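Heads up: the structure comes next, in structure tokens.
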Amino acid sequence: MKAVILGKNGGRHTVMLQEALTARGVNAPCLPITRLTARPGRDPLATLAGKGPEDRSLAEADVVFVRCVPGGSLEQVIYRLDILHNLVLAGKWVVNPPTAIERGVDKYLALGLLAKEGLPVPATVVTERVDEALAAFAELGGDVVVKPLFGAEGRGMTRVQDPDVAYRVFRALELGGYVYYLQEYMEHDNEDIRLFVIGGEVVAAMRRQGTTWKTNISVGAKGVAFTPDRELADMAVRAAAAVGADYAGVDVLVCNGEYRLIEVNSIPAWAGLREATGIDAGAALVDYVLARSG
């Protein structure tokens, strides 16, 4: 098998993935997606800028692992995802597929897919209108989490509990032309559960214990190994399937003894999970891909 990683050279998870592949006899160069030049209908389909058409890394790859699709202008983001779509059209196995990445990064779309599958999700209101956002603040109990529609690692999330603060926050968002994505705040003892799904199976899970209501490892939460019950594992597998992901990090809150699916991450990290559980989900992902490619 020949592989390529689209990611950040030297990035922690890129390096972990390369090490896992190398240990299994697969060399996988890392190409930053922002440096690719595409040639629709020609061979090779896309090359690394500065190397020219003689660079056949992507053309010869059987599998393309996607570890990073950076933000940018609307055109830049669409172009980067279009590269992934065209790789799929060229017969490459893109992990995760671009459709799964698009669904996972879009909180509103992902939540709609989860709800369609009958999975439990928080009460949520999404709107472009500031008056509707203020009404939703009251509708959701006057204690909400305001999230960016696109975002990761807890960045940009704000808890709002006061009507005057809500007014100022929503007016500020209005100036930037943002969409209001509001969810009811659920008491969760500053904990949530991250489940890592690969190929329709939960391979590892942890409780993330935060010092605040945010439970992301990136903002200081501590991971503790956790064994999910059958109900929770089934929910995580169904959530990953709902967005079409080969692998995913599924986040769940426990509120008053009930599960609520919060997010499905289609480019999930696993370094914190490995530290908490001893399980290398990146290596498990490589084994899964090799088994299916064999």
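Here's how to read the names in the structure tokens: chain A, B, ... by the order shown, residue numbers from 1 in each chain, ligand numbers from 1 in the order shown.
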Which residues are close to segment 139-144 of chain A, i.e. within 10 Å by only C-alpha atoms, leaving aside same-chain residues fewer than 3 positions away? Reply as a list in words.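 Final neighbour list, sorted by chain and number: Ala123, Thr124, Val125, Ala133, Leu134, Ala135, Ala136, Lys147, Thr158, Arg159, Val160, Gln161, Asp162, Pro163, Ala166, Tyr181, Leu182, Gln183, Glu184, Tyr185 and Met186 of chain A.
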Could you tell me, as a PyMOL selection string, which residues of segment 158-204 of chain A DSSP assigns to strand (DSSP E or B) when given the backbone? chain A and resi 158-160+180-184+191-198+201-204
Residue neighbourhood segment 14-26 of chain A, 10 Å, only C-alpha atoms, exclusion window fewer than 4 positions, as a list in words: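 So the residues in contact are Met1, Lys2, Ala3, Val4, Ile5, Leu6, Gly7, Lys8, Asn9, Gly10, Cys30, Phe65, Val66, Arg67, Cys68, Trp270, Ala271, Asp280, Ala281, Gly282, Ala283, Ala284, Leu285, Val286, Asp287 and Leu290 of chain A.
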I'd like the neighbourhood of segment 193-195 of chain A as a count of residues only, where a residue qualifies if any of its atoms comes within 8 Å (using only C-alpha atoms), though same-chain residues fewer than 3 positions away should be ignored. 14
Apply DSSP to the backbone of this structure and, from segment 55-220 of chain A, keep only the residues in helix (DSSP H, G or I); write these as a PyMOL selection string. chain A and resi 57-60+74-89+98-105+107-116+130-139+163-175+217-219
With distances taken over only C-alpha atoms, which of A:Leu48, A:Ile279, A:Val179, A:Ala240 is nearest to Leu111 of chain A?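 Smallest separation from Leu111 of chain A among the options: A:Ala240.
If you measure from each of A:Glu117, A:Asp131, A:Asp164, A:Asp189 to Ala239 of chain A using only C-alpha atoms, the closest one turns out to be A:Glu117.
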Identify, on the basis of only C-alpha atoms, every residue whose closest approach to Lys92 of chain A does not exceed 9 Å; exclude the query and any residue fewer than 2 positions from it along the same chain; express the result as a VMD selection string. chain A and resid 58 to 59 61 to 64 86 to 90 94
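Among the candidates A:Asp192, A:Asp106, A:Glu201, A:Glu275, the residue lying nearest to Val237 of chain A is A:Glu201 (atoms considered: only C-alpha atoms).
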For atom CA of Gly199 of chain A and atom CA of Asp246 of chain A, quote the distance in Å rounded to one decimal.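 Interatomic distance here is 5.4 Å.
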With only C-alpha atoms as the basis for distance, which of A:Pro70, A:Gly176, A:Pro98, A:Gly118 is at the shortest distance from Met235 of chain A?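 For Met235 of chain A, the nearest of the given residues is A:Gly118.
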Give me, please, the distance in Å between atom CA of Ala221 of chain A and atom CA of Met157 of chain A, quoted to one decimal. 15.4 Å
Need to verify the contact set: Ala38 of chain A, 10 Å, only C-alpha atoms, exclusion of same-chain residues closer than 2 positions in sequence. Can you return it as a list in words?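 Counting only the stated atoms, we get Arg35, Leu36, Pro40, Gly41, Arg42, Asp43, Pro44, Leu45, Ala46, Thr47, Leu48, Ala49, Pro53, Tyr79, Asp82, Ile83 and Asn86 of chain A.
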If I take atom CA of Pro228 of chain A and atom CA of Ser266 of chain A, how far is one from the other in Å, to one decimal?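 Calculated distance between atom CA of Pro228 of chain A and atom CA of Ser266 of chain A is 20.2 Å.
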Between A:Gly104, A:Gly177, A:Pro32, A:Gly71, which has the minimum distance to Val264 of chain A (counting only C-alpha atoms)?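 Of A:Gly104, A:Gly177, A:Pro32, A:Gly71, the one nearest Val264 of chain A is A:Gly104, counting only C-alpha atoms.
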